[in-house]
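> Below is the file upload.tsv, with TSV, C-alpha atoms.
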```
chain	number	residue	atom	x	y	z
I	945	MET	CA	0.00	0.00	0.00
I	946	GLY	CA	1.20	3.51	-0.70
I	947	THR	CA	0.67	6.67	1.23
I	948	ALA	CA	-2.51	8.67	1.18
I	949	ALA	CA	-0.82	11.17	-1.10
I	950	SER	CA	-0.01	8.60	-3.76
I	951	TYR	CA	-3.66	7.42	-3.93
I	952	SER	CA	-5.17	10.86	-3.50
I	953	ARG	CA	-8.03	10.33	-5.96
I	954	SER	CA	-9.38	7.26	-4.19
I	955	VAL	CA	-9.19	8.28	-0.59
I	956	LYS	CA	-12.69	8.11	0.86
I	957	TYR	CA	-11.93	9.58	4.20
I	958	LEU	CA	-9.33	9.68	6.94
I	959	SER	CA	-10.05	8.67	10.53
I	960	ARG	CA	-8.09	10.55	13.11
I	961	CYS	CA	-8.21	8.58	16.42
I	962	ALA	CA	-6.07	9.83	19.25
I	963	GLY	CA	-2.70	8.11	19.50
I	964	ARG	CA	-3.04	6.24	16.21
I	965	PRO	CA	-1.76	7.06	12.78
I	966	PRO	CA	-4.51	8.14	10.41
I	967	ARG	CA	-6.31	5.26	8.64
I	968	VAL	CA	-6.90	5.53	4.93
I	969	TYR	CA	-9.79	3.80	3.15
I	970	TYR	CA	-9.66	3.30	-0.59
I	971	SER	CA	-12.51	3.21	-3.03
I	972	TRP	CA	-11.83	0.15	-5.24
I	973	ILE	CA	-14.85	0.98	-7.35
I	974	GLY	CA	-13.05	4.15	-8.37
I	975	TRP	CA	-9.98	2.17	-9.50
I	976	ILE	CA	-12.10	-0.27	-11.48
I	977	GLY	CA	-13.69	2.69	-13.26
I	978	VAL	CA	-10.32	4.20	-14.11
I	979	THR	CA	-8.98	0.84	-15.37
I	980	LEU	CA	-12.02	0.23	-17.57
I	981	SER	CA	-11.80	3.73	-18.99
I	982	LEU	CA	-8.12	3.22	-19.88
I	983	LEU	CA	-8.83	-0.16	-21.50
I	984	THR	CA	-11.66	1.33	-23.55
I	985	LEU	CA	-9.36	4.14	-24.67
I	986	ILE	CA	-6.61	1.68	-25.72
I	987	VAL	CA	-9.03	-0.56	-27.65
I	988	ALA	CA	-10.59	2.45	-29.39
I	989	VAL	CA	-7.39	4.23	-30.33
I	990	PHE	CA	-4.73	1.55	-30.89
I	991	PRO	CA	-6.07	-0.34	-33.97
I	992	ALA	CA	-6.94	2.85	-35.81
I	993	ARG	CA	-3.47	4.26	-35.23
I	994	ALA	CA	-1.74	0.98	-36.11
I	995	PHE	CA	-3.51	0.60	-39.45
I	996	ALA	CA	-3.16	4.27	-40.33
I	997	GLN	CA	0.53	4.99	-39.89
I	998	VAL	CA	2.42	2.40	-41.94
I	999	GLU	CA	3.29	3.11	-45.54
I	1000	LEU	CA	2.86	-0.04	-47.61
I	1001	THR	CA	4.84	-0.86	-50.73
I	1002	TRP	CA	4.29	-3.72	-53.16
I	1003	SER	CA	5.74	-5.30	-56.24
I	1004	PRO	CA	3.71	-4.60	-59.42
I	1005	SER	CA	3.84	-8.32	-60.29
I	1006	MET	CA	1.91	-9.10	-57.10
I	1007	VAL	CA	-1.05	-6.90	-58.02
I	1008	LYS	CA	-4.13	-8.09	-59.90
I	1009	GLY	CA	-6.79	-5.75	-61.27
I	1010	PRO	CA	-6.88	-2.18	-62.60
I	1011	SER	CA	-4.86	0.48	-60.77
I	1012	GLY	CA	-7.88	2.82	-60.82
I	1013	ALA	CA	-10.21	0.32	-59.13
I	1014	PRO	CA	-12.27	1.95	-56.36
I	1015	VAL	CA	-11.57	-0.92	-53.93
I	1016	THR	CA	-8.13	-2.24	-53.07
I	1017	ILE	CA	-7.88	-5.49	-51.15
I	1018	ILE	CA	-4.48	-6.06	-49.59
I	1019	GLU	CA	-4.03	-9.65	-48.52
I	1020	PHE	CA	-1.37	-10.60	-45.98
I	1021	SER	CA	-1.07	-14.34	-46.26
I	1022	ASP	CA	1.11	-17.36	-45.65
I	1023	TYR	CA	1.41	-20.06	-48.33
I	1024	GLN	CA	1.90	-22.74	-45.72
L	1237	MET	CA	-11.31	-21.74	-49.49
L	1238	VAL	CA	-10.46	-18.03	-49.12
L	1239	GLN	CA	-8.56	-18.12	-52.39
L	1240	ARG	CA	-11.61	-19.55	-54.14
L	1241	SER	CA	-13.77	-16.79	-52.63
L	1242	LEU	CA	-11.34	-14.14	-53.81
L	1243	ALA	CA	-11.28	-15.57	-57.34
L	1244	LYS	CA	-15.09	-15.55	-57.43
L	1245	LEU	CA	-15.25	-11.98	-56.09
L	1246	PHE	CA	-12.73	-10.90	-58.68
L	1247	GLU	CA	-15.13	-12.06	-61.39
L	1248	GLU	CA	-18.22	-10.59	-59.68
L	1249	TYR	CA	-16.66	-7.16	-59.17
L	1250	GLU	CA	-14.65	-7.11	-62.39
L	1251	GLY	CA	-12.85	-3.81	-62.86
L	1252	ARG	CA	-13.91	-2.54	-59.45
L	1253	ILE	CA	-11.44	-4.34	-57.21
L	1254	ARG	CA	-7.71	-4.64	-57.17
L	1255	LEU	CA	-5.95	-7.35	-55.20
L	1256	VAL	CA	-2.49	-6.93	-53.72
L	1257	PHE	CA	-0.71	-9.91	-52.23
L	1258	LYS	CA	1.70	-9.32	-49.36
L	1259	ASP	CA	4.03	-11.98	-47.98
L	1260	ARG	CA	3.38	-12.85	-44.36
L	1261	PRO	CA	5.04	-16.23	-43.77
L	1262	LEU	CA	4.67	-17.15	-40.12
L	1263	SER	CA	7.89	-18.14	-38.33
L	1264	MET	CA	6.40	-21.48	-37.20
L	1265	HIS	CA	5.95	-22.50	-40.85
L	1266	THR	CA	9.49	-23.46	-41.74
L	1267	LEU	CA	8.77	-24.17	-45.42
L	1268	ALA	CA	6.79	-21.01	-46.03
L	1269	ARG	CA	9.57	-18.51	-46.52
L	1270	PRO	CA	11.26	-20.35	-49.44
L	1271	ALA	CA	7.81	-20.69	-51.02
L	1272	HIS	CA	7.23	-16.93	-50.78
L	1273	GLU	CA	10.67	-16.28	-52.26
L	1274	ALA	CA	9.97	-18.80	-55.05
L	1275	ALA	CA	6.72	-17.03	-55.95
L	1276	ARG	CA	8.63	-13.79	-56.35
L	1277	CYS	CA	11.17	-15.60	-58.57
L	1278	ALA	CA	8.23	-16.71	-60.72
L	1279	GLY	CA	6.95	-13.11	-60.66
L	1280	ALA	CA	10.25	-11.90	-62.09
L	1281	SER	CA	9.46	-14.07	-65.14
L	1282	GLY	CA	5.87	-12.86	-65.38
L	1283	LYS	CA	4.27	-15.90	-63.71
L	1284	TYR	CA	3.55	-14.63	-60.22
L	1285	TRP	CA	-0.19	-15.40	-60.08
L	1286	PRO	CA	-0.08	-18.85	-61.71
L	1287	TYR	CA	2.70	-19.81	-59.28
L	1288	HIS	CA	0.82	-18.27	-56.34
L	1289	ASP	CA	-2.28	-20.31	-57.21
L	1290	ARG	CA	-0.17	-23.43	-57.56
L	1291	LEU	CA	1.37	-22.96	-54.12
L	1292	PHE	CA	-2.02	-22.63	-52.47
L	1293	ALA	CA	-3.24	-25.70	-54.33
L	1294	GLU	CA	-0.23	-27.79	-53.31
L	1295	GLN	CA	0.35	-26.62	-49.73
L	1296	PRO	CA	2.29	-27.68	-47.75
L	1297	LYS	CA	4.47	-29.43	-50.36
L	1298	PHE	CA	7.20	-26.79	-50.45
L	1299	ARG	CA	10.50	-28.69	-50.53
L	1300	ARG	CA	13.08	-27.30	-52.94
L	1301	SER	CA	12.35	-30.06	-55.45
L	1302	ASP	CA	8.61	-29.26	-55.28
L	1303	LEU	CA	9.18	-25.56	-55.85
L	1304	LEU	CA	11.40	-26.31	-58.86
L	1305	ALA	CA	8.87	-28.77	-60.27
L	1306	TYR	CA	6.03	-26.21	-60.10
L	1307	ALA	CA	8.23	-23.69	-61.93
L	1308	THR	CA	9.08	-26.17	-64.67
L	1309	GLU	CA	5.42	-27.16	-65.07
L	1310	LEU	CA	4.53	-23.49	-65.55
L	1311	GLY	CA	7.11	-23.19	-68.32
L	1312	LEU	CA	9.76	-21.28	-66.38
L	1313	ASP	CA	13.45	-21.79	-67.12
L	1314	PRO	CA	14.44	-24.37	-64.47
L	1315	ASP	CA	18.10	-23.29	-64.24
L	1316	ALA	CA	17.32	-19.59	-63.91
L	1317	PHE	CA	14.60	-20.35	-61.38
L	1318	ALA	CA	16.94	-22.58	-59.32
L	1319	ARG	CA	19.58	-19.84	-59.31
L	1320	CYS	CA	17.03	-17.27	-58.14
L	1321	LEU	CA	15.87	-19.58	-55.38
L	1322	ASP	CA	19.37	-20.60	-54.23
L	1323	GLU	CA	20.68	-17.04	-54.25
L	1324	ARG	CA	17.63	-16.03	-52.21
L	1325	ARG	CA	17.27	-13.08	-54.56
L	1326	PHE	CA	13.99	-11.92	-53.06
L	1327	ALA	CA	14.67	-12.65	-49.39
L	1328	ALA	CA	14.92	-8.94	-48.55
L	1329	ASP	CA	11.61	-8.19	-50.31
L	1330	VAL	CA	9.82	-10.90	-48.34
L	1331	GLU	CA	11.41	-9.57	-45.17
L	1332	ARG	CA	10.18	-6.06	-45.99
L	1333	ASP	CA	6.62	-7.35	-46.31
L	1334	ILE	CA	6.93	-9.11	-42.96
L	1335	GLU	CA	8.21	-5.92	-41.32
L	1336	GLN	CA	5.32	-3.90	-42.75
L	1337	ALA	CA	2.84	-6.50	-41.51
L	1338	GLN	CA	4.40	-6.48	-38.06
L	1339	ALA	CA	4.32	-2.70	-37.98
L	1340	LEU	CA	0.58	-2.95	-38.65
L	1341	GLY	CA	0.21	-5.51	-35.86
L	1342	ILE	CA	-0.70	-8.28	-38.31
L	1343	ASN	CA	0.35	-11.51	-36.65
L	1344	SER	CA	-2.18	-13.96	-38.03
L	1345	THR	CA	-3.04	-14.96	-41.56
L	1346	PRO	CA	-4.90	-14.32	-43.65
L	1347	THR	CA	-5.50	-10.67	-42.82
L	1348	PHE	CA	-7.03	-8.33	-45.38
L	1349	LEU	CA	-7.19	-4.57	-45.64
L	1350	ILE	CA	-10.19	-3.53	-47.71
L	1351	ASN	CA	-9.57	0.12	-48.55
L	1352	GLY	CA	-7.57	0.22	-45.35
L	1353	ARG	CA	-10.20	-1.45	-43.17
L	1354	PRO	CA	-8.94	-4.65	-41.51
L	1355	VAL	CA	-10.73	-7.97	-42.06
L	1356	ILE	CA	-9.07	-10.71	-40.04
L	1357	GLY	CA	-9.23	-14.45	-40.64
L	1358	ALA	CA	-10.73	-16.81	-43.19
L	1359	THR	CA	-13.76	-14.67	-43.91
L	1360	SER	CA	-16.82	-16.03	-45.72
L	1361	ILE	CA	-17.64	-14.77	-49.21
L	1362	GLU	CA	-20.74	-13.02	-47.81
L	1363	GLU	CA	-18.64	-11.06	-45.33
L	1364	PHE	CA	-16.24	-10.12	-48.13
L	1365	ARG	CA	-19.16	-8.94	-50.29
L	1366	ALA	CA	-20.49	-6.81	-47.43
L	1367	ALA	CA	-17.07	-5.23	-46.84
L	1368	ILE	CA	-16.54	-4.57	-50.57
L	1369	ASP	CA	-20.04	-3.10	-51.02
L	1370	LYS	CA	-19.47	-0.83	-48.04
L	1371	ALA	CA	-16.12	0.31	-49.47
L	1372	LEU	CA	-17.78	0.97	-52.86
L	1373	GLN	CA	-20.55	3.00	-51.21
L	1374	GLU	CA	-18.00	5.09	-49.34
L	1375	ARG	CA	-16.26	5.91	-52.61
L	1376	ARG	CA	-19.46	7.28	-54.22
```
What would the structure in this file look like if it were written as structure tokens?

Amino acid sequence: MGTAASYSRSVKYLSRCAGRPPRVYYSWIGWIGVTLSLLTLIVAVFPARAFAQVELTWSPSMVKGPSGAPVTIIEFSDYQ
Amino acid sequence: MVQRSLAKLFEEYEGRIRLVFKDRPLSMHTLARPAHEAARCAGASGKYWPYHDRLFAEQPKFRRSDLLAYATELGLDPDAFARCLDERRFAADVERDIEQAQALGINSTPTFLINGRPVIGATSIEEFRAAIDKALQERR
């Protein structure tokens, strides 16, 4: 466990009993929410970025169909 | 199966689709890489697609002798083809395709990009049609 400062967003409340160090209670629901939000963000953003940023080149002999065709299908495949 | 679907779609959408083949031999398939290099050797003599179709029809018979036999049967010069294969003339080109696939996060085959939109796995012809129709609509 970290200090109250390092988990500042999830601290529900502090109890201050005489003679004892302050107790810190953490809201796990809050952490689950943050984790889910991050996962959603990764799933939404990562594939779009991955498929958008690579420049593809190909050999003319490995192309079939007219160069002006409105649809290009690029097949990544393994003969075996 | 997928290759048959693609051939049928190519007839159905004649003039409206273009197919680009990219090499993505998986490392666990030890005979795949020479086969991909052999197809490019055939391509250098103008026989890429017949050789490509032959490889898919004969998989996984990709020993050196098999690759040479397919070339001979397609009318390619056997000596020139053997030299191309043994010199690994197109190894760097195959490697470049693999690097591009990895950069895109493509680690399974087949994977298709239909106007840039990924379609992963051995898709049915109906799914292909739907993806192509959608791409055509977006171009209008």
> Please return, as a PyMOL selection string, all residues of chain L lying within 6 Å of chain I when only C-alpha atoms are considered.
chain L and resi 1252-1261+1268+1279+1292+1295-1296+1340+1345-1351
> Atom CA of L:Asp1333 to atom CA of L:His1288: how many Å, to one decimal?
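That distance, rounded to one decimal, is 15.9 Å.
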> May I ask for the distance between atom CA of L:Thr1308 and atom CA of L:Glu1247, given in Å to one decimal place?
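So the answer is 28.2 Å.
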> To one decimal place, how far is atom CA of L:Arg1365 from atom CA of L:Gly1251 in Å?
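Computing it gives 15.0 Å between the two atoms.
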> Could you check which residues have any atom within 12 Å of (-17.6, -2.1, -46.3), counting only C-alpha atoms with coordinates taken straight from the file, and then list them as a ChimeraX atom specification?
/I:1015-1017 /L:1349-1355,1362-1375
> Counting all atoms listed in the file, which residue out of L:Ser1360, L:Cys1277, L:Ser1344, L:Glu1250 sits closest to L:Ala1316?
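Checking each candidate against L:Ala1316, we get L:Cys1277 as the closest.
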> Between L:Arg1290, L:Arg1240, L:Arg1299, L:Arg1319, which is the closest to L:Thr1359 once you count only C-alpha atoms?
L:Arg1240
